Every structure is written in structure tokens, then in C-alpha cells.
file coords30.pdb (PDB, C-alpha atoms)
ATOM      1  CA  MET A  73      20.127 120.488  88.594
ATOM      2  CA  ILE A  74      23.826 119.996  89.254
ATOM      3  CA  GLY A  75      24.884 119.577  92.860
ATOM      4  CA  ASP A  76      27.775 120.982  94.813
ATOM      5  CA  PHE A  77      31.373 120.567  93.728
ATOM      6  CA  GLU A  78      34.019 119.651  96.248
ATOM      7  CA  GLN A  79      36.397 122.537  96.917
ATOM      8  CA  GLN A  80      39.773 122.812  98.566
ATOM      9  CA  ARG A  81      41.381 125.840 100.157
ATOM     10  CA  VAL A  82      44.546 126.880  98.337
ATOM     11  CA  LYS A  83      47.004 129.411  99.745
ATOM     12  CA  LEU A  84      48.729 131.456  97.050
ATOM     13  CA  SER A  85      52.094 133.185  97.008
ATOM     14  CA  THR A  86      50.204 136.386  96.143
ATOM     15  CA  GLY A  87      48.908 136.543  99.710
ATOM     16  CA  VAL A  88      45.332 135.378  99.191
ATOM     17  CA  GLU A  89      43.556 132.067  99.669
ATOM     18  CA  LEU A  90      41.096 130.731  97.122
ATOM     19  CA  ASP A  91      38.426 128.051  97.300
ATOM     20  CA  VAL A  92      39.076 125.828  94.295
ATOM     21  CA  VAL A  93      37.406 122.965  92.444
ATOM     22  CA  ASP A  94      40.085 120.535  91.223
ATOM     23  CA  MET A  95      38.609 117.523  89.475
ATOM     24  CA  GLY A  96      39.778 115.040  86.861
ATOM     25  CA  PRO A  97      43.066 113.141  86.529
ATOM     26  CA  LYS A  98      45.917 115.035  88.143
ATOM     27  CA  ASP A  99      48.295 114.004  85.360
ATOM     28  CA  ALA A 100      45.958 115.089  82.542
ATOM     29  CA  PRO A 101      46.309 118.379  80.632
ATOM     30  CA  ALA A 102      44.984 121.205  82.804
ATOM     31  CA  LEU A 103      42.108 123.567  82.062
ATOM     32  CA  ILE A 104      41.807 126.546  84.423
ATOM     33  CA  PHE A 105      38.289 128.032  84.371
ATOM     34  CA  LEU A 106      37.742 131.650  85.455
ATOM     35  CA  HIS A 107      34.246 132.908  86.289
ATOM     36  CA  GLY A 108      33.010 136.477  86.018
ATOM     37  CA  PHE A 109      30.719 138.902  87.810
ATOM     38  CA  PRO A 110      28.654 138.246  89.854
ATOM     39  CA  GLU A 111      28.991 134.474  89.895
ATOM     40  CA  SER A 112      31.460 131.811  91.062
ATOM     41  CA  HIS A 113      33.011 128.528  89.953
ATOM     42  CA  ARG A 114      29.426 127.443  89.256
ATOM     43  CA  THR A 115      29.494 129.438  86.015
ATOM     44  CA  TRP A 116      31.175 126.273  84.720
ATOM     45  CA  ARG A 117      28.864 123.707  86.308
ATOM     46  CA  TYR A 118      28.054 122.151  82.918
ATOM     47  CA  GLN A 119      31.641 122.196  81.675
ATOM     48  CA  LEU A 120      33.513 120.772  84.668
ATOM     49  CA  PRO A 121      31.877 117.301  84.643
ATOM     50  CA  HIS A 122      31.958 117.217  80.854
ATOM     51  CA  PHE A 123      35.714 117.679  80.578
ATOM     52  CA  ALA A 124      36.898 116.022  83.806
ATOM     53  CA  ASP A 125      37.234 112.589  82.183
ATOM     54  CA  ARG A 126      39.984 113.895  79.868
ATOM     55  CA  PHE A 127      41.370 116.990  81.587
ATOM     56  CA  ARG A 128      42.329 118.226  85.006
ATOM     57  CA  CYS A 129      39.637 120.869  85.539
ATOM     58  CA  ILE A 130      40.523 123.673  87.960
ATOM     59  CA  ALA A 131      37.936 126.330  88.803
ATOM     60  CA  PRO A 132      38.604 128.831  91.592
ATOM     61  CA  ASP A 133      36.259 131.238  93.268
ATOM     62  CA  GLN A 134      38.390 134.210  92.380
ATOM     63  CA  ARG A 135      39.739 136.830  94.766
ATOM     64  CA  GLY A 136      36.817 138.708  96.346
ATOM     65  CA  TYR A 137      34.187 136.021  95.710
ATOM     66  CA  ARG A 138      32.305 133.695  98.050
ATOM     67  CA  GLY A 139      34.617 132.113 100.626
ATOM     68  CA  SER A 140      37.878 133.169  98.971
ATOM     69  CA  SER A 141      39.946 136.013 100.430
ATOM     70  CA  LYS A 142      38.177 139.357 100.168
ATOM     71  CA  PRO A 143      40.581 142.270 100.723
ATOM     72  CA  GLN A 144      38.572 145.494 100.837
ATOM     73  CA  ASP A 145      41.120 147.862  99.302
ATOM     74  CA  VAL A 146      40.354 148.748  95.667
ATOM     75  CA  GLU A 147      44.049 148.440  94.814
ATOM     76  CA  ALA A 148      43.921 144.744  95.708
ATOM     77  CA  TYR A 149      41.938 144.156  92.495
ATOM     78  CA  THR A 150      44.131 145.700  89.824
ATOM     79  CA  PRO A 151      44.421 143.402  86.787
ATOM     80  CA  ASP A 152      48.081 142.608  87.416
ATOM     81  CA  LYS A 153      47.195 141.114  90.813
ATOM     82  CA  LEU A 154      44.268 139.129  89.427
ATOM     83  CA  ILE A 155      46.458 137.734  86.646
ATOM     84  CA  ALA A 156      49.236 136.890  89.100
ATOM     85  CA  ASP A 157      46.716 134.913  91.192
ATOM     86  CA  ILE A 158      46.173 132.502  88.316
ATOM     87  CA  PHE A 159      49.832 131.678  87.817
ATOM     88  CA  ALA A 160      50.236 131.404  91.596
ATOM     89  CA  LEU A 161      47.283 129.005  91.667
ATOM     90  CA  ALA A 162      48.908 126.865  88.981
ATOM     91  CA  ASP A 163      52.132 126.867  90.991
ATOM     92  CA  ALA A 164      50.332 125.889  94.187
ATOM     93  CA  LEU A 165      48.661 122.944  92.439
ATOM     94  CA  GLY A 166      51.836 121.797  90.699
ATOM     95  CA  VAL A 167      50.605 122.733  87.215
ATOM     96  CA  ASP A 168      53.222 123.925  84.744
ATOM     97  CA  LYS A 169      51.400 124.419  81.436
ATOM     98  CA  PHE A 170      47.663 124.950  81.080
ATOM     99  CA  THR A 171      44.772 126.109  78.915
ATOM    100  CA  ILE A 172      43.062 129.203  80.275
ATOM    101  CA  VAL A 173      39.265 129.411  79.993
ATOM    102  CA  GLY A 174      37.344 132.531  80.988
ATOM    103  CA  HIS A 175      33.929 134.193  80.846
ATOM    104  CA  ASP A 176      33.016 137.851  81.507
ATOM    105  CA  TRP A 177      35.546 139.283  84.013
ATOM    106  CA  GLY A 178      37.151 135.856  84.091
ATOM    107  CA  GLY A 179      37.575 136.199  80.342
ATOM    108  CA  ALA A 180      39.154 139.625  80.741
ATOM    109  CA  ILE A 181      41.693 138.112  83.119
ATOM    110  CA  ALA A 182      42.111 135.151  80.775
ATOM    111  CA  TRP A 183      43.151 137.518  77.970
ATOM    112  CA  GLY A 184      45.815 138.919  80.283
ATOM    113  CA  VAL A 185      46.929 135.482  81.453
ATOM    114  CA  ALA A 186      47.276 134.302  77.857
ATOM    115  CA  LEU A 187      49.180 137.403  76.712
ATOM    116  CA  ALA A 188      51.525 137.160  79.684
ATOM    117  CA  GLY A 189      51.934 133.401  79.521
ATOM    118  CA  GLN A 190      52.289 132.662  75.825
ATOM    119  CA  ARG A 191      55.718 131.813  74.454
ATOM    120  CA  GLY A 192      57.669 135.085  74.416
ATOM    121  CA  GLY A 193      54.839 136.636  76.443
ATOM    122  CA  LEU A 194      54.628 139.882  78.352
ATOM    123  CA  HIS A 195      55.855 138.373  81.630
ATOM    124  CA  PRO A 196      59.177 136.507  81.265
ATOM    125  CA  ALA A 197      58.657 134.381  84.382
ATOM    126  CA  TRP A 198      55.361 133.045  83.003
ATOM    127  CA  ALA A 199      56.179 132.883  79.288
ATOM    128  CA  GLY A 200      55.418 129.555  77.651
ATOM    129  CA  ARG A 201      53.058 128.281  80.355
ATOM    130  CA  VAL A 202      49.767 129.068  78.598
ATOM    131  CA  THR A 203      49.234 126.718  75.676
ATOM    132  CA  ARG A 204      45.681 127.651  74.596
ATOM    133  CA  ALA A 205      42.914 130.101  75.453
ATOM    134  CA  VAL A 206      39.129 129.858  75.422
ATOM    135  CA  ILE A 207      37.237 133.125  75.889
ATOM    136  CA  ALA A 208      33.447 133.410  76.231
ATOM    137  CA  ASN A 209      31.769 136.821  75.971
ATOM    138  CA  ALA A 210      34.676 138.834  77.298
ATOM    139  CA  PRO A 211      35.988 141.707  75.188
ATOM    140  CA  HIS A 212      39.542 141.797  73.904
ATOM    141  CA  PRO A 213      41.386 144.630  75.702
ATOM    142  CA  GLY A 214      42.699 145.987  72.413
ATOM    143  CA  ILE A 215      39.169 146.279  70.993
ATOM    144  CA  PHE A 216      36.993 147.217  73.969
ATOM    145  CA  GLN A 217      38.565 150.565  74.844
ATOM    146  CA  ARG A 218      38.364 151.696  71.233
ATOM    147  CA  LEU A 219      34.672 150.758  71.095
ATOM    148  CA  LEU A 220      33.970 152.744  74.249
ATOM    149  CA  ALA A 221      35.548 155.765  72.583
ATOM    150  CA  THR A 222      33.875 155.402  69.194
ATOM    151  CA  ASN A 223      30.801 153.173  69.344
ATOM    152  CA  GLU A 224      27.558 154.532  70.791
ATOM    153  CA  ALA A 225      25.995 151.114  71.338
ATOM    154  CA  GLN A 226      28.927 149.767  73.349
ATOM    155  CA  ARG A 227      29.267 152.963  75.344
ATOM    156  CA  ALA A 228      25.572 152.886  76.218
ATOM    157  CA  ALA A 229      25.781 149.214  77.166
ATOM    158  CA  SER A 230      28.704 149.951  79.522
ATOM    159  CA  GLN A 231      27.211 152.832  81.496
ATOM    160  CA  TYR A 232      26.496 150.415  84.340
ATOM    161  CA  ILE A 233      30.255 150.409  85.011
ATOM    162  CA  ARG A 234      30.067 154.121  85.810
ATOM    163  CA  ALA A 235      27.266 153.358  88.269
ATOM    164  CA  PHE A 236      29.346 150.609  89.902
ATOM    165  CA  ARG A 237      32.263 153.012  90.288
ATOM    166  CA  ASP A 238      30.169 155.858  91.707
ATOM    167  CA  PRO A 239      30.856 156.255  95.460
ATOM    168  CA  ALA A 240      27.136 156.918  95.888
ATOM    169  CA  SER A 241      26.624 153.213  95.171
ATOM    170  CA  ASP A 242      28.337 152.272  98.439
ATOM    171  CA  ALA A 243      25.213 152.987 100.461
ATOM    172  CA  ILE A 244      23.127 150.815  98.129
ATOM    173  CA  ILE A 245      25.639 147.984  98.422
ATOM    174  CA  GLY A 246      25.689 148.302 102.199
ATOM    175  CA  GLU A 247      21.914 148.130 102.495
ATOM    176  CA  HIS A 248      20.911 145.882  99.612
ATOM    177  CA  GLY A 249      24.103 144.120  98.464
ATOM    178  CA  ILE A 250      24.780 143.124  94.883
ATOM    179  CA  ALA A 251      21.091 142.616  94.113
ATOM    180  CA  GLY A 252      20.525 146.259  95.030
ATOM    181  CA  ILE A 253      23.331 147.642  92.891
ATOM    182  CA  LEU A 254      22.256 145.484  89.947
ATOM    183  CA  ALA A 255      18.719 146.859  90.198
ATOM    184  CA  HIS A 256      20.122 150.396  90.404
ATOM    185  CA  ALA A 257      22.572 150.063  87.514
ATOM    186  CA  PHE A 258      20.156 148.266  85.190
ATOM    187  CA  ALA A 259      17.008 150.174  86.152
ATOM    188  CA  ASP A 260      16.262 151.069  82.518
ATOM    189  CA  ARG A 261      16.847 147.667  80.961
ATOM    190  CA  VAL A 262      16.984 143.974  81.705
ATOM    191  CA  PRO A 263      20.514 142.565  82.039
ATOM    192  CA  SER A 264      21.272 139.889  79.472
ATOM    193  CA  GLY A 265      21.029 136.328  80.638
ATOM    194  CA  GLY A 266      18.435 133.609  80.827
ATOM    195  CA  LEU A 267      16.666 132.748  84.024
ATOM    196  CA  GLN A 268      18.674 130.717  86.498
ATOM    197  CA  PRO A 269      17.009 127.648  88.001
ATOM    198  CA  ALA A 270      15.573 128.270  91.460
ATOM    199  CA  ASP A 271      18.362 126.358  93.196
ATOM    200  CA  GLU A 272      21.019 128.466  91.445
ATOM    201  CA  ILE A 273      19.242 131.716  92.340
ATOM    202  CA  GLY A 274      19.207 130.555  95.948
ATOM    203  CA  ARG A 275      22.940 129.877  95.857
ATOM    204  CA  LEU A 276      23.660 133.319  94.391
ATOM    205  CA  LEU A 277      21.486 135.136  96.910
ATOM    206  CA  LYS A 278      23.259 133.327  99.737
ATOM    207  CA  ASP A 279      26.658 134.269  98.279
ATOM    208  CA  TRP A 280      25.569 137.903  98.025
ATOM    209  CA  GLU A 281      24.622 138.169 101.691
ATOM    210  CA  ASP A 282      28.278 138.775 102.550
ATOM    211  CA  ARG A 283      28.769 142.542 102.231
ATOM    212  CA  ASP A 284      32.565 142.166 102.157
ATOM    213  CA  ALA A 285      32.155 140.000  99.073
ATOM    214  CA  CYS A 286      29.751 142.514  97.521
ATOM    215  CA  ARG A 287      32.232 145.371  97.934
ATOM    216  CA  ALA A 288      35.078 143.175  96.695
ATOM    217  CA  MET A 289      33.183 142.240  93.542
ATOM    218  CA  ILE A 290      32.565 145.910  92.755
ATOM    219  CA  ASN A 291      36.248 146.625  93.367
ATOM    220  CA  TRP A 292      37.067 144.644  90.219
ATOM    221  CA  TYR A 293      35.374 147.451  88.274
ATOM    222  CA  ARG A 294      36.840 150.243  90.360
ATOM    223  CA  ALA A 295      40.421 148.984  89.993
ATOM    224  CA  SER A 296      40.179 148.532  86.233
ATOM    225  CA  THR A 297      42.006 151.016  84.004
ATOM    226  CA  ILE A 298      39.225 150.897  81.390
ATOM    227  CA  ASP A 299      37.808 154.384  80.756
ATOM    228  CA  VAL A 300      34.034 154.469  80.241
ATOM    229  CA  PRO A 301      33.060 157.915  78.917
ATOM    230  CA  ALA A 302      29.678 159.406  79.702
ATOM    231  CA  MET A 303      27.163 159.338  76.877
ATOM    232  CA  ASP A 304      27.504 163.081  76.250
ATOM    233  CA  GLU A 305      31.294 163.007  75.927
ATOM    234  CA  PRO A 306      32.740 163.316  72.394
ATOM    235  CA  TYR A 307      33.269 160.303  70.186
ATOM    236  CA  ALA A 308      36.736 160.108  68.684
ATOM    237  CA  GLU A 309      39.302 157.549  67.613
ATOM    238  CA  PRO A 310      41.826 157.078  70.424
ATOM    239  CA  PRO A 311      45.530 157.408  69.634
ATOM    240  CA  ALA A 312      46.894 154.314  67.943
ATOM    241  CA  VAL A 313      48.756 152.153  70.444
ATOM    242  CA  PRO A 314      50.583 148.978  69.360
ATOM    243  CA  PHE A 315      49.026 145.923  71.003
ATOM    244  CA  PRO A 316      50.764 142.549  71.282
ATOM    245  CA  LYS A 317      49.240 139.737  69.295
ATOM    246  CA  LEU A 318      48.095 136.538  70.945
ATOM    247  CA  ALA A 319      49.711 133.619  69.146
ATOM    248  CA  VAL A 320      48.477 130.616  71.142
ATOM    249  CA  PRO A 321      45.518 128.695  69.675
ATOM    250  CA  THR A 322      42.472 130.653  70.789
ATOM    251  CA  LEU A 323      38.748 129.949  70.723
ATOM    252  CA  VAL A 324      36.317 132.839  71.175
ATOM    253  CA  ILE A 325      32.713 131.860  71.911
ATOM    254  CA  TRP A 326      30.280 134.756  71.549
ATOM    255  CA  ALA A 327      26.588 134.768  72.452
ATOM    256  CA  LEU A 328      24.998 137.225  70.038
ATOM    257  CA  ASP A 329      22.177 138.484  72.288
ATOM    258  CA  ASP A 330      24.474 139.884  74.986
ATOM    259  CA  VAL A 331      23.116 143.379  75.698
ATOM    260  CA  ALA A 332      26.267 144.385  77.599
ATOM    261  CA  LEU A 333      28.707 143.210  74.921
ATOM    262  CA  PRO A 334      27.337 143.416  71.376
ATOM    263  CA  PRO A 335      28.934 141.421  68.532
ATOM    264  CA  CYS A 336      30.915 144.468  67.353
ATOM    265  CA  ASN A 337      33.482 143.214  69.896
ATOM    266  CA  LEU A 338      34.417 140.576  67.326
ATOM    267  CA  ASP A 339      35.384 143.141  64.682
ATOM    268  CA  GLY A 340      39.141 143.119  64.183
ATOM    269  CA  MET A 341      39.675 140.080  66.415
ATOM    270  CA  ASP A 342      41.577 138.179  63.729
ATOM    271  CA  GLY A 343      44.108 140.995  63.450
ATOM    272  CA  LEU A 344      44.956 140.781  67.159
ATOM    273  CA  VAL A 345      44.612 137.012  67.485
ATOM    274  CA  PRO A 346      45.895 135.470  64.246
ATOM    275  CA  GLY A 347      44.139 132.216  63.436
ATOM    276  CA  VAL A 348      41.473 132.734  66.087
ATOM    277  CA  SER A 349      38.492 130.375  65.968
ATOM    278  CA  ILE A 350      35.205 132.222  66.545
ATOM    279  CA  VAL A 351      31.975 130.406  67.368
ATOM    280  CA  GLU A 352      28.836 132.547  67.465
ATOM    281  CA  VAL A 353      25.874 131.385  69.548
ATOM    282  CA  SER A 354      22.547 132.845  68.469
ATOM    283  CA  GLY A 355      19.507 133.219  70.685
ATOM    284  CA  CYS A 356      21.642 133.417  73.828
ATOM    285  CA  GLY A 357      22.480 136.181  76.266
ATOM    286  CA  HIS A 358      25.594 136.995  78.238
ATOM    287  CA  PHE A 359      25.898 133.891  80.433
ATOM    288  CA  VAL A 360      26.623 131.484  77.609
ATOM    289  CA  PRO A 361      28.397 128.773  79.700
ATOM    290  CA  TRP A 362      25.128 127.897  81.445
ATOM    291  CA  GLU A 363      22.583 129.384  79.035
ATOM    292  CA  ALA A 364      23.869 127.323  76.105
ATOM    293  CA  PRO A 365      26.093 124.670  77.687
ATOM    294  CA  ASP A 366      25.787 122.190  74.838
ATOM    295  CA  ALA A 367      26.999 124.777  72.320
ATOM    296  CA  VAL A 368      29.912 125.735  74.566
ATOM    297  CA  ASN A 369      30.907 122.131  75.237
ATOM    298  CA  HIS A 370      30.693 121.215  71.555
ATOM    299  CA  ALA A 371      32.829 124.204  70.531
ATOM    300  CA  MET A 372      35.416 123.424  73.199
ATOM    301  CA  ASP A 373      35.467 119.725  72.333
ATOM    302  CA  ALA A 374      36.270 120.498  68.706
ATOM    303  CA  PHE A 375      38.857 123.137  69.587
ATOM    304  CA  LEU A 376      40.679 121.081  72.211
ATOM    305  CA  ALA A 377      40.767 118.053  69.929
ATOM    306  CA  GLN A 378      42.571 119.876  67.153
ATOM    307  CA  SER A 379      44.711 122.494  68.907
TER     308      SER A 379
END

call {"tool": "encode", "arguments": {"input": "coords30.pdb", "output": "C-alpha cells"}}
result
Amino acid sequence: MIGDFEQQRVKLSTGVELDVVDMGPKDAPALIFLHGFPESHRTWRYQLPHFADRFRCIAPDQRGYRGSSKPQDVEAYTPDKLIADIFALADALGVDKFTIVGHDWGGAIAWGVALAGQRGGLHPAWAGRVTRAVIANAPHPGIFQRLLATNEAQRAASQYIRAFRDPASDAIIGEHGIAGILAHAFADRVPSGGLQPADEIGRLLKDWEDRDACRAMINWYRASTIDVPAMDEPYAEPPAVPFPKLAVPTLVIWALDDVALPPCNLDGMDGLVPGVSIVEVSGCGHFVPWEAPDAVNHAMDAFLAQS
């Protein structure tokens, strides 16, 4: 059992306020940890204490989660806004350069942060600020859309996104919150992930009582530009679109028993991320940061020591 982390309220230039863990020496190299759905900064509860003796460890509850700002408009959750939050957070905390670390949706945003913030990156104002990236079970944007168009297993595994986006889900969310929509979307299968300890389940259930937060979390899916075809739609290679390569040192940690994101997401990774380091974790489901914390910490230790 790992207890509570101290948080501070940080007002961002993007117009939202985030609750943020900021631990470790303030003058040490910074790691910014981004959680995914439907969790919080506690995704990283085994990593934050591990790295805080050598790094400044920053872990926000992202926009829409827990006590952080929860705008209810879907458009408030487009990827450009979520990426901008991270650079605004670094600005607010006086951090210039940093390593971005992300899991699940946090990993999806981390890909965008890294591509925008690498030297010569997609966003001139941010270019050169991201020095390294660590991604755990979050698909590369240049691979995932192609898999949805061509790969039956990935398309089947992603049908829950269509359920999340369905307006009919609003009534379920209103009555039963995130627990209700998870039960609805995954009615035919068990979501990947080991069992949380009782104290962590209690924390999550308390977080999910806030219906504004529940709707905000779902808005991440509704604002995404990712197209998830129905199972009966044709399978075909999408038109070839040039995708920028990620040149910063990058570690991808992939739990192999993730039923939502099968290992085919690793195919072609080295072509989009030259020199990428890939660490596969067997016998582990989607939530690898807390399902296999020792494996994650060991992989990050080795990567951060040499990159």
C-alpha cells in the first residue's frame, strides 16, 4: 500500500487548473508523468518514489480528472489542447527541458508532446524542450489508425471506443458513472488489467462519483480524431500519409497481455522511431505501471542512465 501524494494546484496559461504531484529535487532533470483512462496520478505510485531521489517527478491529474478543471464541452479535449496543457504545466513550474512519460491516454498525449517538442519539432515554440520519451502501452499514432483499418484483432479490441462515443451512453454515465459505462462497453469480455488492491479500488470509486469528471473522461474519446470502424466495415489499407519521425531517445514498454492493445502495435515502430528501445513485459495486462512496477522501473532505470 502506498499512501497519498501531496498535490499542489497549478493554474495554466491554457485556462485550466491541474492538481499536480511535484516531488524530488527542483534542480534535478524533470520527468513529467501522464496517466491514462480512467485513473489519475496514482498510475505512477510505484514510479514517483523510485525516481524522486534523482529526478524532479511531476505527475498531474490531467484535464477532466479528479479535482482538476473539468470543462464539459467535448471540444475542450481535442489533442492539441491536451498537449498544450503539458507545455503550459512545464512553464508554470519553471521547467524548460523534460522527459515525457505516459501510459494509455497519457501515452497518446506523450507521443504528441514528444513530436511537438523534439528538436525541430512540429511546434516551433516548443521545439527542443523534450529530451526523451517513455511510452507504456499507448499506440503510436502513425501505427494505430492503420491497424484499425486493416487488422481485425485491433479493430475488435477497440469497439469499446464506439460505445464511449455513442450518445446513448450519456444516460448510463449519468446514472452509473464510469463504472456503469465500463460494464456496458466491456460486457462481452474482461478489460485487461490485474486486480487493484482494495484501497486503490476505493480511491477510484470515490473519484468516479463526480459525474462531471465521468463525462470529461469520456470526452477524451469523443474529441479524438481516431476513426474506429465498425466490425462489418471493409478492411483496406488507408492512403499513405507521411508521418514525422521521433528522433529523441525513446523507450517503449509493452505489456503483452493487453487485450485492448495487442503487440501488433509494435510492428513498424523502429521505422517511425529510429533507435527506439522496446521492452516487452510478459504475463501482464494493460496497466503495466502498477501491474509490473519492478519491470517498468528497471527498464526506465536502464534507459535514463544511458540516454

call {"tool": "closest_atom_pairs", "arguments": {"input": "coords30.pdb", "of": "segment 245-344 of chain A", "to": "segment 102-113 of chain A", "cutoff": "9 Å", "atoms": "only C-alpha atoms", "output": "JSON lines"}}
result
{"residue": "A:Ile250", "atom": "CA", "partner": "A:Pro110", "partner_atom": "CA", "distance": 8.0}
{"residue": "A:Leu276", "atom": "CA", "partner": "A:Glu111", "partner_atom": "CA", "distance": 7.1}
{"residue": "A:Asp279", "atom": "CA", "partner": "A:Glu111", "partner_atom": "CA", "distance": 8.7}
{"residue": "A:Trp280", "atom": "CA", "partner": "A:Pro110", "partner_atom": "CA", "distance": 8.7}
{"residue": "A:Cys286", "atom": "CA", "partner": "A:Pro110", "partner_atom": "CA", "distance": 8.8}
{"residue": "A:Met289", "atom": "CA", "partner": "A:Pro110", "partner_atom": "CA", "distance": 7.1}
{"residue": "A:Ile290", "atom": "CA", "partner": "A:Phe109", "partner_atom": "CA", "distance": 8.8}
{"residue": "A:Trp292", "atom": "CA", "partner": "A:Phe109", "partner_atom": "CA", "distance": 8.9}

call {"tool": "residues_near_point", "arguments": {"input": "coords30.pdb", "point": "(42.2, 155.4, 69.9)", "cutoff": "12 Å", "atoms": "all atoms listed in the file", "output": "PyMOL selection string"}}
result
chain A and resi 214-223+299+307-315

call {"tool": "axis_aligned_box", "arguments": {"input": "coords30.pdb", "around": "segment 174-185 of chain A", "padding_each_side": "5 Å", "output": "AutoDock Vina command-line options"}}
result
--center_x 40.0 --center_y 136.1 --center_z 81.0 --size_x 23.9 --size_y 17.1 --size_z 16.1

call {"tool": "resolve_selection", "arguments": {"input": "coords30.pdb", "expression": "the PyMOL selection byres ((chain A and resi 325-337) around 6)", "output": "list in words"}}
result
Ala208, Asn209, Ala229, Ser264, Val324, Leu338, Asp339, Ile350, Val351, Glu352, Val353, Ser354, Cys356, Gly357 and His358 of chain A

call {"tool": "closest_residue", "arguments": {"input": "coords30.pdb", "among": "A:Met95, A:Met303, A:Ile233, A:Leu277", "to": "Gly252 of chain A", "atoms": "only C-alpha atoms"}}
result
A:Leu277

call {"tool": "closest_residue", "arguments": {"input": "coords30.pdb", "among": "A:Arg204, A:Arg138, A:Lys169, A:Arg275", "to": "Asp76 of chain A", "atoms": "all atoms listed in the file"}}
result
A:Arg275

call {"tool": "residues_around", "arguments": {"input": "coords30.pdb", "residues": "Phe375 of chain A", "least_positions_apart": "3", "cutoff": "10 Å", "atoms": "only C-alpha atoms", "output": "list of chain:residue names"}}
result
A:Arg204, A:Ala205, A:Val206, A:Pro321, A:Thr322, A:Leu323, A:Ser349, A:Asn369, A:His370, A:Ala371, A:Met372, A:Gln378, A:Ser379

call {"tool": "closest_atom_pairs", "arguments": {"input": "coords30.pdb", "of": "segment 259-332 of chain A", "to": "segment 139-149 of chain A", "cutoff": "12 Å", "atoms": "all atoms listed in the file", "output": "JSON lines"}}
result
{"residue": "A:Lys278", "atom": "CA", "partner": "A:Gly139", "partner_atom": "CA", "distance": 11.5}
{"residue": "A:Asp279", "atom": "CA", "partner": "A:Gly139", "partner_atom": "CA", "distance": 8.6}
{"residue": "A:Trp280", "atom": "CA", "partner": "A:Gly139", "partner_atom": "CA", "distance": 11.1}
{"residue": "A:Glu281", "atom": "CA", "partner": "A:Gly139", "partner_atom": "CA", "distance": 11.7}
{"residue": "A:Asp282", "atom": "CA", "partner": "A:Gly139", "partner_atom": "CA", "distance": 9.4}
{"residue": "A:Arg283", "atom": "CA", "partner": "A:Lys142", "partner_atom": "CA", "distance": 10.1}
{"residue": "A:Asp284", "atom": "CA", "partner": "A:Lys142", "partner_atom": "CA", "distance": 6.6}
{"residue": "A:Ala285", "atom": "CA", "partner": "A:Lys142", "partner_atom": "CA", "distance": 6.2}
{"residue": "A:Cys286", "atom": "CA", "partner": "A:Lys142", "partner_atom": "CA", "distance": 9.4}
{"residue": "A:Arg287", "atom": "CA", "partner": "A:Gln144", "partner_atom": "CA", "distance": 7.0}
{"residue": "A:Ala288", "atom": "CA", "partner": "A:Gln144", "partner_atom": "CA", "distance": 5.9}
{"residue": "A:Met289", "atom": "CA", "partner": "A:Lys142", "partner_atom": "CA", "distance": 8.8}
{"residue": "A:Ile290", "atom": "CA", "partner": "A:Val146", "partner_atom": "CA", "distance": 8.8}
{"residue": "A:Asn291", "atom": "CA", "partner": "A:Val146", "partner_atom": "CA", "distance": 5.2}
{"residue": "A:Trp292", "atom": "CA", "partner": "A:Tyr149", "partner_atom": "CA", "distance": 5.4}
{"residue": "A:Tyr293", "atom": "CA", "partner": "A:Tyr149", "partner_atom": "CA", "distance": 8.5}
{"residue": "A:Arg294", "atom": "CA", "partner": "A:Val146", "partner_atom": "CA", "distance": 6.5}
{"residue": "A:Ala295", "atom": "CA", "partner": "A:Tyr149", "partner_atom": "CA", "distance": 5.6}
{"residue": "A:Ser296", "atom": "CA", "partner": "A:Tyr149", "partner_atom": "CA", "distance": 7.8}
{"residue": "A:Thr297", "atom": "CA", "partner": "A:Tyr149", "partner_atom": "CA", "distance": 10.9}

call {"tool": "closest_residue", "arguments": {"input": "coords30.pdb", "among": "A:Glu247, A:Glu272, A:Asp133, A:Asp99", "to": "Arg81 of chain A", "atoms": "all atoms listed in the file"}}
result
A:Asp133

call {"tool": "atom_distance", "arguments": {"input": "coords30.pdb", "atom1": "atom CA of Leu154 of chain A", "atom2": "atom CA of Asp271 of chain A"}}
result
29.1 Å

call {"tool": "atom_distance", "arguments": {"input": "coords30.pdb", "atom1": "atom CA of His256 of chain A", "atom2": "atom CA of Gln268 of chain A"}}
result
20.1 Å

call {"tool": "atom_distance", "arguments": {"input": "coords30.pdb", "atom1": "atom CA of Ala235 of chain A", "atom2": "atom CA of Thr150 of chain A"}}
result
18.6 Å
